[in-house]
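Engineer: Structure file upload-v5.tsv, TSV, C-alpha atoms and all ligand atoms, is pasted below:
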```
chain	number	residue	atom	x	y	z
A	14	MET	CA	114.57	-60.22	56.79
A	15	THR	CA	114.26	-60.31	53.01
A	16	ASP	CA	117.19	-61.28	50.79
A	17	ASN	CA	116.56	-58.40	48.43
A	18	LEU	CA	118.64	-55.30	48.54
A	19	SER	CA	117.27	-51.88	47.73
A	20	ILE	CA	118.97	-48.53	47.64
A	21	ARG	CA	116.85	-45.51	48.44
A	22	PHE	CA	117.16	-41.98	49.67
A	23	LEU	CA	117.18	-41.58	53.39
A	24	LYS	CA	114.19	-39.86	54.88
A	25	LYS	CA	113.90	-37.65	57.94
A	26	GLU	CA	112.78	-40.62	60.01
A	27	ASP	CA	115.95	-42.50	59.03
A	28	ALA	CA	118.19	-39.84	60.59
A	29	ILE	CA	118.70	-41.57	63.95
A	30	PRO	CA	119.36	-45.09	62.54
A	31	THR	CA	121.73	-43.44	60.03
A	32	GLN	CA	123.65	-41.72	62.78
A	33	LYS	CA	123.79	-44.97	64.75
A	34	LEU	CA	125.11	-46.87	61.73
A	35	LEU	CA	127.77	-44.31	60.85
A	36	ASN	CA	128.94	-44.16	64.45
A	37	HIS	CA	129.25	-47.95	64.66
A	38	LYS	CA	132.76	-48.43	65.97
A	39	ARG	CA	133.87	-50.50	62.96
A	40	ILE	CA	132.71	-47.76	60.60
A	41	LEU	CA	133.72	-44.79	62.71
A	42	GLU	CA	137.30	-46.04	62.91
A	43	HIS	CA	137.58	-45.43	59.16
A	44	LEU	CA	135.48	-42.28	58.85
A	45	LYS	CA	137.68	-40.78	61.58
A	46	SER	CA	135.12	-38.24	62.76
A	47	GLN	CA	131.86	-38.72	64.60
A	48	GLN	CA	128.64	-38.02	62.71
A	49	PHE	CA	126.16	-35.59	64.27
A	50	LEU	CA	122.41	-35.70	63.88
A	51	GLU	CA	122.06	-32.12	62.64
A	52	GLY	CA	124.59	-32.73	59.88
A	53	ILE	CA	122.83	-35.92	58.82
A	54	LYS	CA	119.46	-34.15	58.74
A	55	MET	CA	120.92	-31.41	56.59
A	56	LYS	CA	122.29	-33.92	54.11
A	57	ILE	CA	118.97	-35.77	54.05
A	58	SER	CA	117.14	-32.59	53.11
A	59	ASP	CA	119.51	-31.77	50.20
A	60	PRO	CA	117.12	-31.70	47.22
A	61	ARG	CA	119.90	-32.74	44.81
A	62	GLY	CA	120.07	-36.13	46.54
A	63	SER	CA	123.11	-36.66	48.71
A	64	LEU	CA	122.53	-39.46	51.19
A	65	TRP	CA	121.45	-42.99	50.31
A	66	GLY	CA	120.67	-46.01	52.44
A	67	ALA	CA	121.01	-49.69	51.55
A	68	PHE	CA	118.12	-51.74	52.93
A	69	TYR	CA	117.37	-55.40	53.36
A	70	GLY	CA	113.61	-55.11	53.84
A	71	GLU	CA	113.25	-52.42	56.49
A	72	ASP	CA	116.75	-52.87	57.87
A	73	LEU	CA	119.31	-50.21	57.13
A	74	VAL	CA	122.64	-51.95	56.49
A	75	GLY	CA	124.67	-49.28	54.71
A	76	VAL	CA	124.84	-45.54	54.08
A	77	SER	CA	126.72	-43.50	51.54
A	78	GLU	CA	127.05	-39.89	50.51
A	79	LEU	CA	127.57	-38.12	47.23
A	80	GLY	CA	129.55	-35.09	48.25
A	81	THR	CA	130.64	-32.00	46.39
A	82	ARG	CA	129.94	-31.50	42.70
A	83	ASN	CA	131.79	-28.88	40.71
A	84	HIS	CA	131.25	-26.91	37.53
A	85	SER	CA	133.80	-28.87	35.52
A	86	GLY	CA	131.65	-31.97	35.62
A	87	ILE	CA	133.29	-33.70	38.56
A	88	ALA	CA	131.59	-35.25	41.58
A	89	ASN	CA	133.21	-36.44	44.78
A	90	ASN	CA	132.13	-39.34	46.92
A	91	GLY	CA	131.60	-38.57	50.58
A	92	ILE	CA	131.42	-40.99	53.48
A	93	ILE	CA	130.33	-44.61	53.14
A	94	GLY	CA	129.76	-47.35	55.68
A	95	VAL	CA	128.30	-50.85	55.63
A	96	LEU	CA	127.62	-52.82	58.82
A	97	PRO	CA	130.36	-55.44	59.33
A	98	GLU	CA	127.98	-58.42	59.10
A	99	PHE	CA	126.79	-57.27	55.64
A	100	ARG	CA	130.18	-56.56	54.12
A	101	GLN	CA	131.63	-58.18	51.00
A	102	LYS	CA	128.15	-58.81	49.59
A	103	ARG	CA	128.47	-55.86	47.17
A	104	VAL	CA	126.27	-53.59	49.23
A	105	GLY	CA	128.99	-50.93	49.12
A	106	SER	CA	129.35	-51.43	45.36
A	107	SER	CA	125.60	-50.90	44.90
A	108	LEU	CA	125.70	-47.69	46.91
A	109	LEU	CA	128.66	-46.41	44.91
A	110	PHE	CA	126.99	-47.38	41.63
A	111	THR	CA	123.92	-45.39	42.67
A	112	GLN	CA	126.11	-42.34	43.19
A	113	MET	CA	127.75	-42.88	39.83
A	114	LEU	CA	124.31	-42.94	38.22
A	115	GLN	CA	123.22	-39.80	40.05
A	116	SER	CA	126.42	-38.02	39.07
A	117	PHE	CA	126.01	-39.00	35.44
A	118	LEU	CA	122.40	-37.85	35.42
A	119	GLU	CA	123.81	-34.47	36.38
A	120	GLY	CA	126.19	-34.71	33.43
A	121	ARG	CA	129.27	-35.42	35.55
A	122	ARG	CA	131.99	-37.24	33.67
A	123	LYS	CA	134.37	-38.05	36.53
A	124	ILE	CA	133.79	-39.21	40.10
A	125	SER	CA	136.60	-39.01	42.61
A	126	ASP	CA	137.16	-40.52	46.02
A	127	VAL	CA	139.79	-39.76	48.63
A	128	ILE	CA	140.85	-42.59	50.90
A	129	PHE	CA	143.33	-42.99	53.70
A	130	HIS	CA	146.23	-45.19	52.64
A	131	SER	CA	145.54	-47.38	55.67
A	132	ASN	CA	141.92	-48.11	54.69
A	133	PRO	CA	141.84	-51.90	54.31
A	134	HIS	CA	138.61	-52.05	52.27
A	135	GLN	CA	138.40	-49.27	49.72
A	136	LYS	CA	141.58	-50.27	47.90
A	137	PHE	CA	139.63	-53.38	46.85
A	138	VAL	CA	136.20	-51.85	46.36
A	139	LEU	CA	137.08	-48.84	44.20
A	140	PRO	CA	139.23	-50.64	41.59
A	141	SER	CA	136.61	-53.40	41.36
A	142	LEU	CA	134.18	-50.73	40.14
A	143	GLY	CA	136.59	-49.30	37.57
A	144	TYR	CA	138.09	-46.51	39.70
A	145	ARG	CA	141.81	-46.11	39.30
A	146	LEU	CA	144.44	-44.58	41.51
A	147	GLU	CA	145.02	-41.13	40.09
A	148	TYR	CA	147.51	-39.65	42.52
A	149	VAL	CA	148.84	-39.77	46.06
A	150	MET	CA	148.97	-36.84	48.45
A	151	LYS	CA	152.00	-37.65	50.57
A	152	LYS	CA	151.97	-37.20	54.36
A	153	GLN	CA	148.70	-35.32	54.11
A	154	THR	CA	147.04	-36.08	57.43
A	155	GLU	CA	147.83	-34.98	60.96
A	156	ASN	CA	149.62	-38.26	61.57
A	157	PHE	CA	151.56	-38.00	58.29
A	158	GLU	CA	149.42	-40.55	56.48
A	159	ASP	CA	149.18	-40.51	52.67
A	160	LEU	CA	145.82	-39.88	51.01
A	161	HIS	CA	145.03	-41.79	47.82
A	162	ILE	CA	142.84	-40.20	45.19
A	163	TYR	CA	140.88	-42.65	43.05
A	164	SER	CA	138.78	-41.61	40.08
A	165	TYR	CA	136.23	-43.16	37.77
A	166	PHE	CA	136.07	-41.75	34.24
A	167	VAL	CA	132.69	-42.19	32.60
A	168	ASP	CA	134.11	-41.39	29.17
A	169	GLU	CA	136.51	-44.33	29.42
A	170	ASP	CA	134.47	-47.10	30.98
A	171	PHE	CA	130.89	-46.08	30.12
A	172	PHE	CA	129.62	-47.96	33.21
A	173	LYS	CA	130.62	-51.38	31.87
A	174	THR	CA	132.59	-52.30	34.97
A	175	PRO	CA	130.19	-51.19	37.73
A	176	ILE	CA	127.17	-52.74	35.98
A	177	SER	CA	128.98	-56.07	35.85
A	178	ARG	CA	129.64	-55.87	39.61
A	179	LEU	CA	126.08	-55.43	40.84
A	180	PRO	CA	124.78	-58.16	43.14
A	181	SER	CA	121.96	-60.47	42.07
A	182	ASN	CA	119.73	-59.44	44.96
A	183	LEU	CA	119.64	-55.74	44.05
A	184	VAL	CA	116.02	-54.92	43.25
A	185	SER	CA	115.71	-51.19	43.27
A	186	ILE	CA	117.68	-48.00	43.13
A	187	GLU	CA	116.37	-44.50	43.68
A	188	VAL	CA	117.91	-41.47	41.99
A	189	VAL	CA	116.73	-37.91	41.51
A	190	ASN	CA	115.78	-36.60	38.12
A	191	SER	CA	114.66	-33.14	39.15
A	192	GLU	CA	114.75	-29.76	37.44
A	193	TYR	CA	118.17	-29.24	39.00
A	194	THR	CA	119.43	-32.54	37.60
A	195	LYS	CA	118.13	-31.76	34.14
A	196	LYS	CA	119.59	-28.23	34.22
A	197	CYS	CA	123.01	-29.63	35.17
A	198	TRP	CA	122.80	-32.24	32.42
A	199	ASN	CA	121.94	-29.66	29.77
A	200	GLU	CA	124.72	-27.33	30.93
A	201	ARG	CA	127.29	-30.13	30.83
A	202	ILE	CA	126.28	-31.18	27.32
A	203	ILE	CA	126.55	-27.57	26.15
A	204	HIS	CA	130.01	-27.35	27.72
A	205	LEU	CA	131.13	-30.56	26.01
A	206	GLU	CA	129.95	-29.20	22.70
A	207	ALA	CA	131.60	-25.83	23.36
A	208	HIS	CA	134.87	-27.67	23.93
A	209	LYS	CA	134.48	-29.49	20.65
A	210	LYS	CA	133.63	-32.80	22.27
A	211	ILE	CA	130.65	-33.25	20.02
A	212	GLU	CA	131.08	-36.99	19.63
A	213	LEU	CA	131.36	-37.46	23.38
A	214	ALA	CA	128.29	-35.29	23.98
A	215	ASP	CA	126.41	-37.50	21.56
A	216	THR	CA	127.72	-40.68	23.18
A	217	PHE	CA	126.70	-39.37	26.61
A	218	GLN	CA	123.16	-38.70	25.35
A	219	ARG	CA	122.90	-42.26	24.04
A	220	LEU	CA	124.56	-43.75	27.11
A	221	ARG	CA	122.04	-41.93	29.29
A	222	GLN	CA	119.20	-43.53	27.37
A	223	SER	CA	120.79	-46.98	27.58
A	224	LEU	CA	121.46	-46.60	31.27
A	225	PHE	CA	117.91	-45.59	31.96
A	226	ARG	CA	116.77	-48.58	29.99
A	227	ILE	CA	119.07	-51.18	31.48
A	228	PRO	CA	118.44	-50.52	35.14
A	229	VAL	CA	114.77	-49.73	34.60
A	230	SER	CA	114.32	-53.10	32.95
A	231	ILE	CA	115.79	-54.83	35.93
A	232	CYS	CA	115.04	-52.56	38.83
A	233	GLU	CA	111.84	-51.21	40.19
A	234	TYR	CA	112.64	-47.56	40.39
A	235	SER	CA	110.43	-46.12	43.02
A	236	GLN	CA	109.39	-42.59	43.64
A	237	ARG	CA	110.33	-40.77	46.72
A	238	GLN	CA	107.22	-39.94	48.64
A	239	VAL	CA	108.45	-37.92	51.55
A	240	ASP	CA	109.72	-34.90	49.76
A	241	LYS	CA	107.80	-33.23	46.96
A	242	LYS	CA	111.10	-32.01	45.49
A	243	PHE	CA	111.88	-35.59	44.60
A	244	GLU	CA	108.68	-36.18	42.72
A	245	ASN	CA	110.43	-36.66	39.38
A	246	CYS	CA	112.39	-39.76	40.18
A	247	PHE	CA	113.75	-42.13	37.61
A	248	VAL	CA	110.44	-43.26	36.15
A	249	PRO	CA	107.92	-40.43	36.11
A	250	SER	CA	104.68	-41.57	37.65
A	251	ASP	CA	102.67	-40.66	34.58
A	252	SER	CA	104.80	-42.74	32.19
A	253	PRO	CA	102.96	-45.72	30.82
A	254	THR	CA	104.77	-48.76	32.21
A	255	LYS	CA	104.71	-52.50	31.95
A	256	HIS	CA	106.20	-54.34	34.91
A	257	GLY	CA	107.70	-51.02	35.90
A	258	VAL	CA	109.34	-50.57	32.49
A	259	PRO	CA	108.40	-47.63	30.29
A	260	VAL	CA	106.35	-48.91	27.37
A	261	GLY	CA	107.98	-48.69	23.95
A	262	ASP	CA	111.68	-48.28	23.50
A	263	VAL	CA	112.37	-51.54	25.36
A	264	ASP	CA	112.51	-54.97	23.80
A	265	GLU	CA	110.11	-57.61	25.04
A	266	ALA	CA	112.71	-59.79	26.75
A	267	ARG	CA	113.64	-56.94	29.01
A	268	THR	CA	110.09	-56.56	30.21
A	269	ASP	CA	110.02	-60.07	31.63
A	270	PRO	CA	109.82	-59.48	35.38
A	271	ILE	CA	111.56	-62.77	36.14
A	272	ARG	CA	114.60	-61.76	34.13
A	273	LYS	CA	114.99	-58.43	35.74
A	274	THR	CA	117.05	-59.41	38.75
A	275	THR	CA	119.18	-62.01	37.02
A	276	ASP	CA	119.96	-59.70	34.12
A	277	PHE	CA	121.01	-56.90	36.34
A	278	ALA	CA	123.12	-58.62	38.63
A	279	SER	CA	124.96	-61.76	38.09
A	280	PRO	CA	128.60	-60.81	37.74
A	281	ASN	CA	128.93	-63.83	35.45
A	282	THR	CA	126.26	-62.67	33.04
A	283	PRO	CA	126.74	-58.94	32.67
A	284	PRO	CA	124.04	-57.08	30.75
A	285	THR	CA	124.61	-55.91	27.20
A	286	PRO	CA	128.01	-54.26	27.34
A	287	LEU	CA	127.98	-50.56	26.79
A	288	THR	CA	130.65	-49.00	24.72
A	289	GLY	CA	130.82	-45.50	23.44
A	290	LYS	CA	129.72	-46.69	20.03
A	291	GLU	CA	126.92	-49.02	21.06
A	292	ALA	CA	125.47	-46.85	23.82
B	301	LIG	C1	134.21	-49.80	52.44
B	301	LIG	C2	132.92	-50.58	52.64
B	301	LIG	C3	131.75	-49.60	52.57
B	301	LIG	C4	132.77	-51.62	51.51
B	301	LIG	O1	131.50	-52.20	51.59
B	301	LIG	P1	131.22	-53.71	51.09
B	301	LIG	O2	129.76	-53.85	50.99
B	301	LIG	O3	131.93	-54.68	51.95
B	301	LIG	O4	131.91	-53.69	49.66
B	301	LIG	P2	131.63	-54.69	48.45
B	301	LIG	O5	131.11	-55.98	48.95
B	301	LIG	O6	130.78	-53.98	47.46
B	301	LIG	O7	133.10	-54.87	47.88
B	301	LIG	C5	133.43	-54.90	46.49
B	301	LIG	C6	134.57	-55.87	46.30
B	301	LIG	O8	135.67	-55.55	47.14
B	301	LIG	C7	136.00	-56.67	47.98
B	301	LIG	N1	136.36	-56.22	49.32
B	301	LIG	C8	135.69	-55.34	50.08
B	301	LIG	N2	136.32	-55.20	51.28
B	301	LIG	C9	137.38	-56.04	51.22
B	301	LIG	C10	138.40	-56.37	52.16
B	301	LIG	N3	138.43	-55.80	53.38
B	301	LIG	N4	139.32	-57.27	51.80
B	301	LIG	C11	139.29	-57.86	50.57
B	301	LIG	N5	138.35	-57.60	49.65
B	301	LIG	C12	137.41	-56.69	49.98
B	301	LIG	C13	134.73	-57.46	48.05
B	301	LIG	O9	134.99	-58.79	48.40
B	301	LIG	C14	134.14	-57.28	46.67
B	301	LIG	O10	134.75	-58.15	45.73
B	301	LIG	P3	134.11	-59.60	45.39
B	301	LIG	O11	132.64	-59.46	45.51
B	301	LIG	O12	134.58	-59.88	44.01
B	301	LIG	O13	134.67	-60.53	46.41
B	301	LIG	C15	132.91	-51.32	53.99
B	301	LIG	O14	134.04	-52.16	54.07
B	301	LIG	C16	132.93	-50.39	55.20
B	301	LIG	O15	131.89	-49.97	55.66
B	301	LIG	N6	134.13	-50.10	55.73
B	301	LIG	C17	134.25	-49.22	56.88
B	301	LIG	C18	134.01	-47.77	56.53
B	301	LIG	C19	134.99	-47.28	55.48
B	301	LIG	O16	136.13	-47.73	55.37
B	301	LIG	N7	134.55	-46.30	54.68
B	301	LIG	C20	135.40	-45.70	53.64
B	301	LIG	C21	135.92	-44.41	54.04
B	301	LIG	S1	134.67	-43.15	53.95
```
Would you mind writing the file out in structure tokens?
Structural biologist:
Amino acid sequence: MTDNLSIRFLKKEDAIPTQKLLNHKRILEHLKSQQFLEGIKMKISDPRGSLWGAFYGEDLVGVSELGTRNHSGIANNGIIGVLPEFRQKRVGSSLLFTQMLQSFLEGRRKISDVIFHSNPHQKFVLPSLGYRLEYVMKKQTENFEDLHIYSYFVDEDFFKTPISRLPSNLVSIEVVNSEYTKKCWNERIIHLEAHKKIELADTFQRLRQSLFRIPVSICEYSQRQVDKKFENCFVPSDSPTKHGVPVGDVDEARTDPIRKTTDFASPNTPPTPLTGKEA
């Protein structure tokens, strides 16, 4: 098994291992409902990109889902599970970061997550990525348990926190940059401008460029091969690249392949901080 972690879309052939992982008893106990193969296959075939897997080499060690997205620029996390023996190595954080990236590429400005009050893990994971407890739905479940709603606000943190939490062994992340993604992005920017958030719209445009640049300089964004709909992944195949980094627009230090994992990851040496002004 390799030490490197990669996050990629799940393919049709991953459906059975995905189901097995999500129905692992130490994951199922928190998801509360069993996962069926047909449902997993449906999510895998969602062209927007909904289901990601975390892999050490060929081994699937975690799965997460980006759930509903609405017209006000909000996305909701779906289920997530990491095998017990791979927990607390920031695999879950990497999966959640991937979903944050995907959401932002669609122009979403807020990502929410609903957790059971009794969940012993997420109350650590979500705040560590910059999510904050937004509100509590009291006695919401069948057994009168409270649900906690956590949210991450892109326009407040600009990805500074999650980028600083990525593990050093994360080598690649796959996201969709399809016609749908671009259409959503353009619509969201128009809405921001229509609501007189011109400065924010501008900041988002610049943040998007910085985000593309930072991870691309440290990750090897790969293209999805299984599904033609995913052809336009993060780095278009026809872009001139050097060490996987688009040529031009990127300073030389960032093109050093040896730097790419250390830059990305070490929580002690976070990459260039992004603020609204700098981005
Ligand atoms: C929730 C889950 C996906 C988190 O995955 P993970 O890979 O362990 O999370 P990370 O390693 O990225 O955690 C991020 C931070 O939270 C901390 N953390 C995570 N779980 C923790 C726990 N149970 N206790 C204390 N700290 C915890 C980690 O230590 C890490 O901080 P650090 O690196 O500074 O120490 C995993 O625990 C899981 O699969 N749980 C069962 C399923 C579940 O609860 N799903 C959520 C409902 S859908």
Engineer: What is the CA of Leu44 (chain A)-atom O15 of ligand LIG 301 (chain B) distance in Å, reported with one decimal?
Structural biologist: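 Between these atoms lies a distance of 9.1 Å.
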Engineer: When you count only C-alpha atoms and all ligand atoms, which of these residues is closest to ligand LIG 301 (chain B): A:His84, A:Lys152, A:Lys102, A:Lys25?
Structural biologist: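 Of A:His84, A:Lys152, A:Lys102, A:Lys25, the one nearest ligand LIG 301 (chain B), counting only C-alpha atoms and all ligand atoms, is A:Lys102.
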Engineer: Between A:Phe68, A:Phe217, A:Phe172, A:Trp198, which is the closest to ligand LIG 301 (chain B) once you count only C-alpha atoms and all ligand atoms?
Structural biologist: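 Closest residue, counting only C-alpha atoms and all ligand atoms: A:Phe68.
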Engineer: Could I get the residue neighbourhood of ligand LIG 301 (chain B) at 10 Å, counting only C-alpha atoms and all ligand atoms, as a ChimeraX atom specification?
Structural biologist: /A:34-35,37-45,67,74-78,90-110,126-129,131-142,178-180,280
Engineer: Using only C-alpha atoms, which residue out of A:His130, A:Phe171, A:Val184, A:Lys33 lies closest to Asp159 (chain A)?
Structural biologist: A:His130
Engineer: In Å, how far is it from CA of Leu160 (chain A) to CA of Phe117 (chain A)?
Structural biologist: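 CA of Phe117 (chain A) lies at a distance of 25.2 Å from CA of Leu160 (chain A).
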Engineer: Quick one: everything within 7 Å of Ile87 (chain A), counting all atoms listed in the file, minus sequence neighbours fewer than 4 positions away in the same chain. Send it as a VMD selection string.
Structural biologist: chain A and resid 82 to 83 121 to 124
Engineer: Could you check how far CA of Asp27 (chain A) sits from CA of Ile57 (chain A), in Å to one decimal?
Structural biologist: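 Pair CA of Asp27 (chain A) / CA of Ile57 (chain A) returns 8.9 Å.
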